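S.K.: Could you have a look at this structure, given as structure tokens, before my questions?
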Amino acid sequence: MNDDKVSTRTASPILLWLVLVISGAVNAAGPLLGLGWPVRMVAGVIAIGAIAGLVVHYVRRRQA
């Protein structure tokens with residue numbers, strides 16, 4: 001009677017997309033806002049981490 005293939009949606013992809021958009025915006029608008037190089041590098045690393053998290057989430061969901 002149990003359906004093991006029922007997928008439950010979590011908030012993780014939504015949060016990862018939000019982090020990606022915000023960090024990408026900070027990275028893109030950094031020169032216009034006068035943000036320093038270290039701030040833009042941190043935003044870029046955070047964006048790369050969010051992309052990696054989204055890829056991992058997608059792969060795990062496809063395997064389930």
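A note on labels: chains of the structure tokens are A, B, ... as shown, every chain counts residues from 1, and ligands are counted from 1 in their shown order.
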Can you list, as an NGL selection string, every residue of chain A that DSSP puts in helix (DSSP H, G or I)?
M.R.: :A and (12-33 or 37-63)
S.K.: I want to know what sits within 7 Å of region 19-29 of chain A, based on only C-alpha atoms, with residues of the same chain fewer than 6 positions away left out; could you give that as an NGL selection string?
M.R.: :A and (40 or 43-44 or 46-47 or 50)
S.K.: Using only C-alpha atoms, which of A:Val39, A:Pro13, A:Leu18, A:Leu33 sits nearest Val56 (chain A)?
M.R.: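 Ranked by minimum distance to Val56 (chain A), first place goes to A:Pro13.
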S.K.: Using only C-alpha atoms, find the one residue out of A:Leu16, A:Val45, A:Trp37, A:Pro31 that sits nearest to Tyr58 (chain A).
M.R.: A:Leu16
S.K.: Would you mind reading off the distance between CA of Met41 (chain A) and CA of Ser12 (chain A), one decimal, in Å?
M.R.: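 Separation of CA of Met41 (chain A) and CA of Ser12 (chain A): 23.5 Å.
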S.K.: Interatomic distance between CA of Ile51 (chain A) and CA of Gln63 (chain A)?
M.R.: 18.5 Å
S.K.: To one decimal place, how far is CA of Thr10 (chain A) from CA of Val59 (chain A) in Å?
M.R.: 14.9 Å
